[in-house]
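Scroll down for the structure; my scribbles are underneath it.
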Amino acid sequence: MSFINYSSREINCKIVYYGPGLCGKTTNLQFIYTKTNPDLKGKMISLATETERTLFFDFLPLALGQIRGFKTRFHLYTVPGQVFYDASRKLILKGVDGVVFVADSQIERMEANLESIDNLKVNLREQGYELDKIPFVIQYNKRDLPNAAPLDELRRQLNTMGVQDFEASATTGEGVFETLKAVAKTVLSDLKRLSR
Amino acid sequence: MMNTQLVMYEEDFKKILAVIQRLVRDANAKGIFVVDKNGQLIAEAGEVRGIDTTSLASLTAGSIAATGGLAKIIGEEDFPVHFHQGTRDNLHITLVGGRIILVVVFDDRSSLGLVRLRVKKAGAEMGKIFEEIQKKAEREAATGTAKSPFAEITDDDIDNLFSE
Ligand SMILES: Nc1nc2c(ncn2[C@@H]2O[C@H](COP(=O)(O)OP(=O)(O)OP(=O)(O)O)[C@@H](O)[C@H]2O)c(=O)[nH]1
Ligand SMILES: [Mg+2]
C-alpha cells in the first residue's frame, strides 16, 4: 500500500516480482540495479541461500523522479519462488501496490508457472486483494532459450485476464525495463483513479 | 480498515518527530527510526549519518514480518519487543499499534533497562498519534474528502517520469 508523505513530499509504492523458482525474478532486479543511475537507486539487498536462491526477498529501492512536486519512489521486491517458501511469499505480498508475474518460458516449466500464478491468487486473497483488481503485468522470461514455448501458448495459459504482457530475457535485459515501466505506470494510474 | 493508504501530513510528522527526538535524549540512544510495517521509513532522529536508512527500514519490516509469522505458528498474536545485542551497538525494536515499528540503536552509553523504560512511554504516545492518523484517513475515505496529489495527475505526468 502506497505511502504518501506530505512532510518529505514523497510517495512510496511497493512492487512485487512473483513467479516460480528460477524463473528469473532476482535477475530482473539485478539488471535494473546495474543499469540504473547511482543517484536514483539505493542498495540492493538479497537475502539468499548459499546457492543464490532467494531465501526471503530481494529489495531494490528506486527513485523515478517527481510528479507534481512529489518524489516518486518504487520499492521492488522479489519473492522466493521455491514452493516450500510459501509462508515468506505471503509476508512479502503485504502492502503490495503492483505485481509482476515472471513466467519461465521453457515448455517444461508450464506447470510450475500455472501453479505459481494460482498460488499468487490464493495468497493475495488471504490479504484481501483480488489479482484482477490490482495493477498486474506478466513477463514471459527466458525467450532466448531454444526450449521456450511459443508465445501464443504462454498467453493462452497464463494471461487469461488479458493484462499487459512482455517477452524478456532478463540475463541480457531485454524486456526488463519495459516490464518495470508498465507496472509502475499502472500503479500510478491506479493511485490516480483511487484518489478521485 | 486494514488497507487504508498511509498518508502523513506535516503536522502529524512533526508530532512524531518530537516524540522520537525526546526519546533519543531520554534513552541516551544513538539513533531512532520509525518504520511502517511495509518497510517504509517514516521518521528518524539522532546520529543517523552513515546508516543506510532505506535498507534498515526494509530489513526491519522483513524481520518483524518473519517473527510475527513465527508467533502465529506457536499460537502467539505477535512478538511485540525484539532486542539484538551487538559487540558495540544494540537494537531495540518494538511494534506500536500493530502497524508501526520503533527502532532504537544504542550503545553502552545507555542500557537495555533504560531504553525499555523510555520506549514504553514514547511508544504509547506514538500509538496515539498513529491512531489519530488512522482515524483521519478512515474519515476521509468514508466522506470522500481525501485530498491526494495524485487526483490531479494526467497521463502525461506519468509518461514524463519515464522519458529519460
Ligand atoms: N537463458 C536465460 N537464463 C536466465 C534468464 N533469466 C534468468 N536466467 C537464469 O536463471 C537462473 C535463475 O535466475 P534467478 O533470477 O535467480 O531466479 P529466481 O526467479 O530469482 O529464483 P528463486 O529465487 O529461486 O525464486 C539464473 O542462473 C539466471 O542466470 C533468461 O532470460 N535467459
Ligand atoms: Mg530469486
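The way I read the labels, and the way they are meant: chains A, B, ... in the order of the C-alpha cells, residue 1 as the first residue of every chain, and ligand 1 as the first ligand shown, with later ones counted on from there.
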Go through chain A and flag each residue having an atom no more than 8 Å from ligand 2; for those, report the closest pair of atoms plus their distance in Å to one decimal, using only C-alpha atoms and all ligand atoms, ordered by chain and rising number, as CSV.
```
residue,atom,partner,partner_atom_place_in_ligand_line,distance
A:Gly21,CA,ligand 2,1 (Mg),7.3
A:Leu22,CA,ligand 2,1 (Mg),6.7
A:Gly24,CA,ligand 2,1 (Mg),6.7
A:Lys25,CA,ligand 2,1 (Mg),5.4
A:Thr26,CA,ligand 2,1 (Mg),4.1
A:Thr27,CA,ligand 2,1 (Mg),7.3
A:Ala48,CA,ligand 2,1 (Mg),7.5
A:Glu52,CA,ligand 2,1 (Mg),7.3
A:Arg53,CA,ligand 2,1 (Mg),5.3
A:Thr54,CA,ligand 2,1 (Mg),4.0
A:Leu55,CA,ligand 2,1 (Mg),7.7
A:Phe57,CA,ligand 2,1 (Mg),7.3
A:Asp58,CA,ligand 2,1 (Mg),7.0
A:Thr78,CA,ligand 2,1 (Mg),6.5
A:Val79,CA,ligand 2,1 (Mg),6.8
A:Pro80,CA,ligand 2,1 (Mg),5.6
A:Gly81,CA,ligand 2,1 (Mg),6.8
```
Could the residues of chain B within 6 Å of chain A, counting only C-alpha atoms, be given as a PyMOL selection string, please?
chain B and resi 5-10+38+148+150-151+161
Take the residues from that selection and put them in a file with C-alpha atoms, as a PDB file, in the first residue's frame.
```
ATOM      1  CA  GLN B   5      -3.369   4.073   2.499  1.00  0.00           C
ATOM      2  CA  LEU B   6      -0.923   5.648   4.888  1.00  0.00           C
ATOM      3  CA  VAL B   7      -0.939   9.401   4.414  1.00  0.00           C
ATOM      4  CA  MET B   8       1.324  11.509   6.545  1.00  0.00           C
ATOM      5  CA  TYR B   9       0.702  15.233   6.859  1.00  0.00           C
ATOM      6  CA  GLU B  10       3.206  17.773   8.038  1.00  0.00           C
ATOM      7  CA  ASN B  38       5.527  -2.446   4.926  1.00  0.00           C
ATOM      8  CA  SER B 148      -4.265  13.375  -2.819  1.00  0.00           C
ATOM      9  CA  PHE B 150      -2.488  12.106  -7.397  1.00  0.00           C
ATOM     10  CA  ALA B 151      -6.063  13.050  -8.002  1.00  0.00           C
ATOM     11  CA  LEU B 161       8.527  10.186 -15.434  1.00  0.00           C
TER      12      LEU B 161
END
```
Which neighbours of segment 102-109 of chain A fall inside 10 Å, counting only C-alpha atoms, when residues of the same chain fewer than 4 positions from it are skipped, and could you give them as a ChimeraX atom specification?
/A:17-25,28,113-117,137-151,153-154,158,165-170,179
Residues within 6 Å of Val35 of chain B, only C-alpha atoms, excluding chain neighbours under 3 positions, as an MDAnalysis selection string
chainID B and resid 40:42 57 100:101
Written file, previous selection with N, CA and C atoms, as a CSV table (one decimal), in the first residue's frame:
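out17.csv written:
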```csv
chain,number,residue,atom,x,y,z
B,40,GLN,N,8.6,1.0,4.9
B,40,GLN,CA,8.9,2.4,4.5
B,40,GLN,C,9.3,3.2,5.7
B,41,LEU,N,10.4,4.0,5.6
B,41,LEU,CA,10.8,4.8,6.7
B,41,LEU,C,9.9,6.0,6.8
B,42,ILE,N,9.5,6.3,8.1
B,42,ILE,CA,8.6,7.4,8.3
B,42,ILE,C,9.3,8.6,9.0
B,57,ALA,N,15.0,0.2,7.0
B,57,ALA,CA,13.6,0.1,7.1
B,57,ALA,C,13.0,-1.2,6.5
B,100,ILE,N,3.2,0.1,13.2
B,100,ILE,CA,4.4,0.9,13.2
B,100,ILE,C,5.5,0.3,14.0
B,101,ILE,N,6.7,0.4,13.5
B,101,ILE,CA,7.8,-0.2,14.2
B,101,ILE,C,8.8,0.9,14.7
```
Write down as JSON, numbers by chain the residues of segment 2-192 of chain A whose backbone DSSP state falls under strand (DSSP E or B).
{"A": [3, 4, 5, 10, 11, 12, 13, 14, 15, 16, 17, 18, 41, 45, 46, 47, 48, 54, 55, 56, 57, 58, 59, 60, 61, 62, 63, 64, 65, 66, 67, 70, 71, 72, 73, 74, 75, 76, 77, 78, 98, 99, 100, 101, 102, 103, 104, 106, 136, 137, 138, 139, 140, 141, 148, 165, 166, 167, 169, 174]}
With C-alpha atoms retained, could you export that selection as an mmCIF file, in the first residue's frame?
```
data_model
loop_
_atom_site.group_PDB
_atom_site.id
_atom_site.type_symbol
_atom_site.label_atom_id
_atom_site.label_comp_id
_atom_site.auth_asym_id
_atom_site.auth_seq_id
_atom_site.Cartn_x
_atom_site.Cartn_y
_atom_site.Cartn_z
ATOM 1 C CA PHE A 3 2.629 5.729 1.486
ATOM 2 C CA ILE A 4 2.190 9.430 0.809
ATOM 3 C CA ASN A 5 4.334 11.664 2.959
ATOM 4 C CA GLU A 10 7.418 11.654 -1.154
ATOM 5 C CA ILE A 11 5.300 8.840 -2.357
ATOM 6 C CA ASN A 12 6.428 5.239 -1.975
ATOM 7 C CA CYS A 13 4.967 2.289 -3.823
ATOM 8 C CA LYS A 14 5.702 -1.412 -3.435
ATOM 9 C CA ILE A 15 6.042 -3.694 -6.438
ATOM 10 C CA VAL A 16 6.465 -7.449 -6.059
ATOM 11 C CA TYR A 17 8.027 -9.763 -8.649
ATOM 12 C CA TYR A 18 6.339 -13.135 -8.320
ATOM 13 C CA LYS A 41 18.893 3.791 -6.653
ATOM 14 C CA ILE A 45 19.555 -6.323 -0.660
ATOM 15 C CA SER A 46 19.382 -10.037 -1.387
ATOM 16 C CA LEU A 47 18.517 -12.465 1.353
ATOM 17 C CA ALA A 48 19.604 -15.627 -0.417
ATOM 18 C CA THR A 54 16.143 -16.284 -2.828
ATOM 19 C CA LEU A 55 15.534 -17.220 0.798
ATOM 20 C CA PHE A 56 13.314 -14.364 1.886
ATOM 21 C CA PHE A 57 13.406 -11.474 -0.574
ATOM 22 C CA ASP A 58 15.446 -9.181 -2.786
ATOM 23 C CA PHE A 59 14.868 -5.490 -2.295
ATOM 24 C CA LEU A 60 15.740 -2.602 -4.572
ATOM 25 C CA PRO A 61 14.641 0.987 -3.903
ATOM 26 C CA LEU A 62 14.339 3.209 -6.992
ATOM 27 C CA ALA A 63 13.599 6.893 -7.353
ATOM 28 C CA LEU A 64 11.740 7.636 -10.536
ATOM 29 C CA GLY A 65 11.547 11.406 -10.450
ATOM 30 C CA GLN A 66 8.915 13.900 -9.459
ATOM 31 C CA ILE A 67 5.223 14.120 -10.079
ATOM 32 C CA PHE A 70 6.323 14.658 -5.057
ATOM 33 C CA LYS A 71 9.362 12.408 -5.218
ATOM 34 C CA THR A 72 8.112 9.118 -6.597
ATOM 35 C CA ARG A 73 9.851 6.074 -5.209
ATOM 36 C CA PHE A 74 9.327 2.445 -6.018
ATOM 37 C CA HIS A 75 10.378 -0.367 -3.752
ATOM 38 C CA LEU A 76 10.914 -3.505 -5.784
ATOM 39 C CA TYR A 77 10.752 -6.866 -4.031
ATOM 40 C CA THR A 78 11.086 -10.416 -5.284
ATOM 41 C CA GLY A 98 1.537 -3.815 -8.041
ATOM 42 C CA VAL A 99 2.625 -7.291 -9.145
ATOM 43 C CA VAL A 100 4.838 -8.515 -11.968
ATOM 44 C CA PHE A 101 4.386 -12.188 -12.702
ATOM 45 C CA VAL A 102 7.603 -13.527 -14.204
ATOM 46 C CA ALA A 103 6.880 -16.699 -16.150
ATOM 47 C CA ASP A 104 9.588 -19.135 -17.200
ATOM 48 C CA GLN A 106 10.578 -23.101 -21.004
ATOM 49 C CA PHE A 136 -0.652 -6.508 -12.644
ATOM 50 C CA VAL A 137 1.568 -7.286 -15.643
ATOM 51 C CA ILE A 138 3.108 -10.504 -16.960
ATOM 52 C CA GLN A 139 6.604 -11.109 -18.257
ATOM 53 C CA TYR A 140 7.495 -14.196 -20.305
ATOM 54 C CA ASN A 141 11.139 -14.584 -19.437
ATOM 55 C CA ALA A 148 10.889 -21.738 -24.933
ATOM 56 C CA ASP A 165 2.489 -8.713 -21.141
ATOM 57 C CA PHE A 166 6.095 -8.666 -22.303
ATOM 58 C CA GLU A 167 8.700 -11.021 -23.691
ATOM 59 C CA SER A 169 15.483 -12.262 -21.412
ATOM 60 C CA GLU A 174 15.673 -7.470 -22.954
#
```
Extract, using only C-alpha atoms, all DNA, RNA and protein residues at most 12 Å from segment 79-91 of chain B, discarding same-chain residues fewer than 2 positions from it, and format them as a short mmCIF file (atom, residue, chain, number, x, y, z; two decimals) with all heavy atoms, in the first residue's frame.
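Writing done, so here's result_39.cif:
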```cif
data_model
loop_
_atom_site.label_atom_id
_atom_site.label_comp_id
_atom_site.auth_asym_id
_atom_site.auth_seq_id
_atom_site.Cartn_x
_atom_site.Cartn_y
_atom_site.Cartn_z
N ALA B 29 19.99 7.31 23.42
CA ALA B 29 20.12 6.45 22.24
C ALA B 29 21.01 7.11 21.20
O ALA B 29 21.24 8.32 21.23
CB ALA B 29 18.75 6.17 21.66
N LYS B 30 21.55 6.31 20.32
CA LYS B 30 22.31 6.86 19.19
C LYS B 30 21.37 7.34 18.10
O LYS B 30 21.51 8.44 17.59
CB LYS B 30 23.24 5.79 18.60
CG LYS B 30 24.45 5.52 19.43
CD LYS B 30 25.33 4.46 18.80
CE LYS B 30 26.24 5.02 17.70
NZ LYS B 30 27.23 4.00 17.27
N GLY B 31 20.45 6.48 17.77
CA GLY B 31 19.54 6.85 16.69
C GLY B 31 18.21 6.13 16.85
O GLY B 31 18.13 5.07 17.48
N ILE B 32 17.18 6.75 16.29
CA ILE B 32 15.85 6.16 16.36
C ILE B 32 15.17 6.25 15.00
O ILE B 32 15.28 7.26 14.31
CB ILE B 32 14.99 6.89 17.43
CG1 ILE B 32 15.65 6.65 18.79
CG2 ILE B 32 13.55 6.40 17.40
CD1 ILE B 32 14.90 7.14 19.95
N PHE B 33 14.49 5.18 14.64
CA PHE B 33 13.80 5.13 13.36
C PHE B 33 12.37 4.69 13.56
O PHE B 33 12.10 3.78 14.35
CB PHE B 33 14.49 4.13 12.43
CG PHE B 33 15.94 4.44 12.23
CD1 PHE B 33 16.89 3.91 13.09
CD2 PHE B 33 16.35 5.28 11.22
CE1 PHE B 33 18.23 4.21 12.93
CE2 PHE B 33 17.69 5.59 11.04
CZ PHE B 33 18.63 5.05 11.91
N LEU B 56 17.66 -0.27 6.12
CA LEU B 56 17.28 -0.55 7.51
C LEU B 56 15.77 -0.74 7.62
O LEU B 56 15.29 -1.68 8.25
CB LEU B 56 17.75 0.60 8.42
CG LEU B 56 17.35 0.47 9.89
CD1 LEU B 56 18.52 0.81 10.80
CD2 LEU B 56 16.15 1.33 10.24
N THR B 60 14.08 -4.24 8.65
CA THR B 60 13.31 -4.25 9.91
C THR B 60 11.92 -4.81 9.65
O THR B 60 11.45 -5.68 10.38
CB THR B 60 13.18 -2.82 10.48
OG1 THR B 60 14.48 -2.29 10.68
CG2 THR B 60 12.43 -2.83 11.78
N SER B 63 12.07 -8.51 9.05
CA SER B 63 12.34 -9.25 10.26
C SER B 63 11.09 -9.30 11.16
O SER B 63 10.75 -10.36 11.71
CB SER B 63 13.53 -8.58 10.95
OG SER B 63 13.52 -8.80 12.31
N ILE B 64 10.40 -8.18 11.27
CA ILE B 64 9.17 -8.15 12.07
C ILE B 64 8.10 -9.05 11.44
O ILE B 64 7.36 -9.77 12.13
CB ILE B 64 8.64 -6.70 12.20
CG1 ILE B 64 9.51 -5.92 13.20
CG2 ILE B 64 7.19 -6.65 12.64
CD1 ILE B 64 9.34 -6.36 14.65
N ALA B 65 8.04 -9.03 10.13
CA ALA B 65 7.06 -9.89 9.44
C ALA B 65 7.37 -11.36 9.71
O ALA B 65 6.48 -12.16 9.99
CB ALA B 65 7.07 -9.60 7.94
N ALA B 66 8.66 -11.71 9.64
CA ALA B 66 9.04 -13.10 9.84
C ALA B 66 8.77 -13.55 11.27
O ALA B 66 8.21 -14.63 11.50
CB ALA B 66 10.52 -13.30 9.49
N THR B 67 9.13 -12.73 12.26
CA THR B 67 8.90 -13.15 13.64
C THR B 67 7.40 -13.14 13.97
O THR B 67 6.94 -13.96 14.75
CB THR B 67 9.67 -12.27 14.66
OG1 THR B 67 9.48 -10.91 14.32
CG2 THR B 67 11.14 -12.60 14.65
N GLY B 68 6.67 -12.22 13.33
CA GLY B 68 5.21 -12.23 13.50
C GLY B 68 4.61 -13.53 12.98
O GLY B 68 3.71 -14.11 13.60
N GLY B 69 5.15 -13.99 11.85
CA GLY B 69 4.70 -15.28 11.30
C GLY B 69 5.03 -16.42 12.25
O GLY B 69 4.21 -17.31 12.49
N LEU B 70 6.22 -16.37 12.84
CA LEU B 70 6.62 -17.39 13.81
C LEU B 70 5.69 -17.39 15.01
O LEU B 70 5.28 -18.45 15.51
CB LEU B 70 8.04 -17.11 14.31
CG LEU B 70 9.19 -17.54 13.44
CD1 LEU B 70 10.51 -17.07 14.04
CD2 LEU B 70 9.18 -19.07 13.32
N ALA B 71 5.35 -16.19 15.47
CA ALA B 71 4.48 -16.07 16.64
C ALA B 71 3.17 -16.80 16.38
O ALA B 71 2.71 -17.58 17.21
CB ALA B 71 4.21 -14.58 16.95
N LYS B 72 2.59 -16.56 15.21
CA LYS B 72 1.30 -17.18 14.90
C LYS B 72 1.42 -18.70 14.87
O LYS B 72 0.51 -19.41 15.29
CB LYS B 72 0.76 -16.64 13.60
CG LYS B 72 0.46 -15.18 13.79
CD LYS B 72 -0.54 -14.56 12.86
CE LYS B 72 -0.80 -13.13 13.31
NZ LYS B 72 0.39 -12.25 13.25
N ILE B 73 2.56 -19.19 14.37
CA ILE B 73 2.75 -20.64 14.31
C ILE B 73 2.68 -21.27 15.69
O ILE B 73 2.12 -22.35 15.88
CB ILE B 73 4.09 -20.97 13.62
CG1 ILE B 73 3.98 -20.66 12.12
CG2 ILE B 73 4.49 -22.43 13.83
CD1 ILE B 73 5.28 -20.76 11.38
N ILE B 74 3.23 -20.60 16.69
CA ILE B 74 3.18 -21.18 18.03
C ILE B 74 1.98 -20.68 18.84
O ILE B 74 1.90 -20.90 20.05
CB ILE B 74 4.49 -20.96 18.83
CG1 ILE B 74 4.73 -19.47 19.06
CG2 ILE B 74 5.68 -21.59 18.12
CD1 ILE B 74 5.72 -19.22 20.19
N GLY B 75 1.07 -19.98 18.18
CA GLY B 75 -0.17 -19.58 18.85
C GLY B 75 -0.10 -18.26 19.59
O GLY B 75 -0.95 -17.96 20.42
N GLU B 76 0.94 -17.45 19.31
CA GLU B 76 1.01 -16.11 19.90
C GLU B 76 0.46 -15.12 18.87
O GLU B 76 0.54 -15.34 17.67
CB GLU B 76 2.47 -15.74 20.18
CG GLU B 76 3.03 -16.36 21.44
CD GLU B 76 2.46 -15.76 22.70
OE1 GLU B 76 2.30 -14.53 22.74
OE2 GLU B 76 2.14 -16.52 23.64
N GLU B 77 -0.03 -14.00 19.37
CA GLU B 77 -0.52 -12.97 18.45
C GLU B 77 0.67 -12.34 17.69
O GLU B 77 0.65 -12.19 16.48
CB GLU B 77 -1.27 -11.90 19.25
CG GLU B 77 -1.81 -10.75 18.45
CD GLU B 77 -2.85 -11.18 17.42
OE1 GLU B 77 -3.56 -12.19 17.66
OE2 GLU B 77 -2.95 -10.51 16.38
N ILE B 93 13.75 -3.15 19.16
CA ILE B 93 12.69 -2.97 18.17
C ILE B 93 11.33 -3.26 18.80
O ILE B 93 11.16 -4.29 19.45
CB ILE B 93 12.91 -3.93 16.97
CG1 ILE B 93 14.30 -3.68 16.35
CG2 ILE B 93 11.83 -3.75 15.92
CD1 ILE B 93 14.64 -4.60 15.21
N THR B 94 10.40 -2.33 18.65
CA THR B 94 9.06 -2.51 19.24
C THR B 94 7.99 -2.28 18.20
O THR B 94 8.10 -1.38 17.37
CB THR B 94 8.76 -1.47 20.34
OG1 THR B 94 9.92 -0.72 20.60
CG2 THR B 94 8.26 -2.12 21.59
N LEU B 95 6.96 -3.07 18.28
CA LEU B 95 5.78 -2.88 17.43
C LEU B 95 4.83 -1.95 18.16
O LEU B 95 4.47 -2.18 19.30
CB LEU B 95 5.08 -4.22 17.27
CG LEU B 95 5.10 -4.89 15.92
CD1 LEU B 95 4.33 -6.19 16.01
CD2 LEU B 95 4.56 -4.00 14.84
N VAL B 96 4.42 -0.91 17.47
CA VAL B 96 3.50 0.05 18.08
C VAL B 96 2.17 -0.01 17.34
O VAL B 96 2.12 0.20 16.13
CB VAL B 96 4.06 1.49 18.01
CG1 VAL B 96 3.06 2.49 18.57
CG2 VAL B 96 5.39 1.58 18.73
N GLY B 97 1.12 -0.32 18.09
CA GLY B 97 -0.22 -0.30 17.49
C GLY B 97 -0.38 -1.22 16.29
O GLY B 97 -1.22 -0.98 15.45
N GLY B 98 0.44 -2.26 16.23
CA GLY B 98 0.26 -3.25 15.18
C GLY B 98 0.68 -2.82 13.80
O GLY B 98 0.71 -3.61 12.87
N ARG B 99 1.08 -1.57 13.63
CA ARG B 99 1.35 -1.12 12.27
C ARG B 99 2.69 -0.40 12.13
O ARG B 99 3.25 -0.33 11.05
CB ARG B 99 0.22 -0.17 11.86
CG ARG B 99 0.50 0.58 10.61
CD ARG B 99 -0.72 0.71 9.76
NE ARG B 99 -0.35 1.18 8.45
CZ ARG B 99 -1.20 1.71 7.59
NH1 ARG B 99 -2.47 1.80 7.90
NH2 ARG B 99 -0.77 2.09 6.42
N ILE B 100 3.17 0.12 13.24
CA ILE B 100 4.37 0.95 13.21
C ILE B 100 5.48 0.28 14.01
O ILE B 100 5.22 -0.35 15.04
CB ILE B 100 4.04 2.33 13.83
CG1 ILE B 100 2.96 3.01 13.02
CG2 ILE B 100 5.28 3.21 13.96
CD1 ILE B 100 3.30 3.20 11.56
N ILE B 101 6.71 0.40 13.53
CA ILE B 101 7.84 -0.22 14.21
C ILE B 101 8.79 0.88 14.68
O ILE B 101 9.15 1.76 13.92
CB ILE B 101 8.58 -1.18 13.26
CG1 ILE B 101 7.61 -2.19 12.64
CG2 ILE B 101 9.70 -1.89 14.00
CD1 ILE B 101 8.17 -2.93 11.44
N LEU B 102 9.14 0.79 15.95
CA LEU B 102 10.05 1.77 16.53
C LEU B 102 11.41 1.10 16.76
O LEU B 102 11.50 0.12 17.50
CB LEU B 102 9.45 2.25 17.85
CG LEU B 102 10.20 3.31 18.64
CD1 LEU B 102 10.34 4.59 17.84
CD2 LEU B 102 9.46 3.59 19.95
N VAL B 103 12.43 1.61 16.10
CA VAL B 103 13.76 1.01 16.18
C VAL B 103 14.70 1.95 16.94
O VAL B 103 14.85 3.11 16.57
CB VAL B 103 14.35 0.78 14.77
CG1 VAL B 103 15.71 0.08 14.86
CG2 VAL B 103 13.39 -0.02 13.90
N VAL B 104 15.32 1.45 17.99
CA VAL B 104 16.25 2.25 18.77
C VAL B 104 17.65 1.64 18.66
O VAL B 104 17.83 0.45 18.94
CB VAL B 104 15.84 2.32 20.26
CG1 VAL B 104 16.83 3.16 21.06
CG2 VAL B 104 14.43 2.88 20.40
N VAL B 105 18.61 2.43 18.23
CA VAL B 105 20.01 1.98 18.20
C VAL B 105 20.71 2.60 19.40
O VAL B 105 20.64 3.82 19.59
CB VAL B 105 20.72 2.45 16.91
CG1 VAL B 105 22.13 1.86 16.83
CG2 VAL B 105 19.91 2.09 15.67
N PHE B 106 21.34 1.77 20.21
CA PHE B 106 22.05 2.35 21.37
C PHE B 106 23.33 1.58 21.66
O PHE B 106 23.50 0.44 21.23
CB PHE B 106 21.13 2.38 22.60
CG PHE B 106 20.75 1.03 23.15
CD1 PHE B 106 21.44 0.49 24.23
CD2 PHE B 106 19.71 0.30 22.58
CE1 PHE B 106 21.09 -0.76 24.76
CE2 PHE B 106 19.36 -0.96 23.09
CZ PHE B 106 20.05 -1.48 24.17
N ASP B 107 24.24 2.25 22.36
CA ASP B 107 25.50 1.59 22.74
C ASP B 107 25.64 1.64 24.26
O ASP B 107 24.66 1.85 24.97
CB ASP B 107 26.68 2.23 22.01
CG ASP B 107 26.80 3.72 22.31
OD1 ASP B 107 26.18 4.18 23.30
OD2 ASP B 107 27.50 4.42 21.56
N ASP B 108 26.86 1.48 24.78
CA ASP B 108 26.99 1.35 26.23
C ASP B 108 26.86 2.67 26.99
O ASP B 108 27.03 2.71 28.20
CB ASP B 108 28.27 0.58 26.62
CG ASP B 108 29.50 1.22 26.03
OD1 ASP B 108 29.41 2.38 25.58
OD2 ASP B 108 30.56 0.55 26.01
N ARG B 109 26.57 3.76 26.27
CA ARG B 109 26.22 4.98 26.98
C ARG B 109 24.81 4.85 27.57
O ARG B 109 24.39 5.65 28.38
CB ARG B 109 26.26 6.18 26.04
CG ARG B 109 27.68 6.63 25.70
CD ARG B 109 27.67 7.72 24.68
NE ARG B 109 27.25 7.18 23.37
CZ ARG B 109 27.01 7.93 22.31
NH1 ARG B 109 27.09 9.25 22.39
NH2 ARG B 109 26.65 7.38 21.17
N SER B 110 24.09 3.85 27.10
CA SER B 110 22.75 3.61 27.63
C SER B 110 22.68 2.16 28.12
O SER B 110 23.70 1.49 28.22
CB SER B 110 21.71 3.86 26.54
OG SER B 110 20.42 3.70 27.06
N SER B 111 21.47 1.72 28.43
CA SER B 111 21.34 0.32 28.85
C SER B 111 19.98 -0.19 28.40
O SER B 111 19.07 0.60 28.13
CB SER B 111 21.43 0.21 30.37
OG SER B 111 20.28 0.83 30.94
N LEU B 112 19.87 -1.49 28.33
CA LEU B 112 18.61 -2.09 27.89
C LEU B 112 17.47 -1.66 28.81
O LEU B 112 16.38 -1.33 28.34
CB LEU B 112 18.74 -3.61 27.87
CG LEU B 112 17.49 -4.39 27.45
CD1 LEU B 112 17.00 -3.96 26.08
CD2 LEU B 112 17.77 -5.89 27.46
N GLY B 113 17.76 -1.61 30.10
CA GLY B 113 16.71 -1.24 31.06
C GLY B 113 16.17 0.16 30.80
O GLY B 113 14.96 0.38 30.76
N VAL B 115 16.44 1.94 28.00
CA VAL B 115 15.77 2.00 26.70
C VAL B 115 14.36 1.44 26.81
O VAL B 115 13.38 2.03 26.35
CB VAL B 115 16.58 1.24 25.63
CG1 VAL B 115 15.77 1.06 24.34
CG2 VAL B 115 17.88 1.97 25.33
N ARG B 116 14.26 0.31 27.46
CA ARG B 116 12.96 -0.34 27.59
C ARG B 116 11.95 0.58 28.27
O ARG B 116 10.82 0.75 27.83
CB ARG B 116 13.17 -1.61 28.42
CG ARG B 116 12.11 -2.65 28.17
CD ARG B 116 12.37 -3.84 29.04
NE ARG B 116 13.06 -4.91 28.34
CZ ARG B 116 13.74 -5.87 28.97
NH1 ARG B 116 13.89 -5.84 30.28
NH2 ARG B 116 14.30 -6.83 28.27
N VAL B 119 11.11 3.64 26.04
CA VAL B 119 10.37 3.25 24.83
C VAL B 119 8.90 2.99 25.17
O VAL B 119 8.01 3.28 24.38
CB VAL B 119 11.01 2.00 24.18
CG1 VAL B 119 10.01 1.26 23.30
CG2 VAL B 119 12.23 2.39 23.36
N LYS B 120 8.68 2.48 26.35
CA LYS B 120 7.32 2.18 26.77
C LYS B 120 6.45 3.44 26.69
O LYS B 120 5.37 3.44 26.12
CB LYS B 120 7.34 1.66 28.21
CG LYS B 120 6.34 0.54 28.42
CD LYS B 120 6.51 -0.05 29.78
CE LYS B 120 5.87 -1.42 29.80
NZ LYS B 120 6.13 -2.11 31.05
N GLY B 123 6.40 4.89 23.09
CA GLY B 123 5.59 4.00 22.24
C GLY B 123 4.11 4.28 22.42
O GLY B 123 3.35 4.30 21.45
#
```
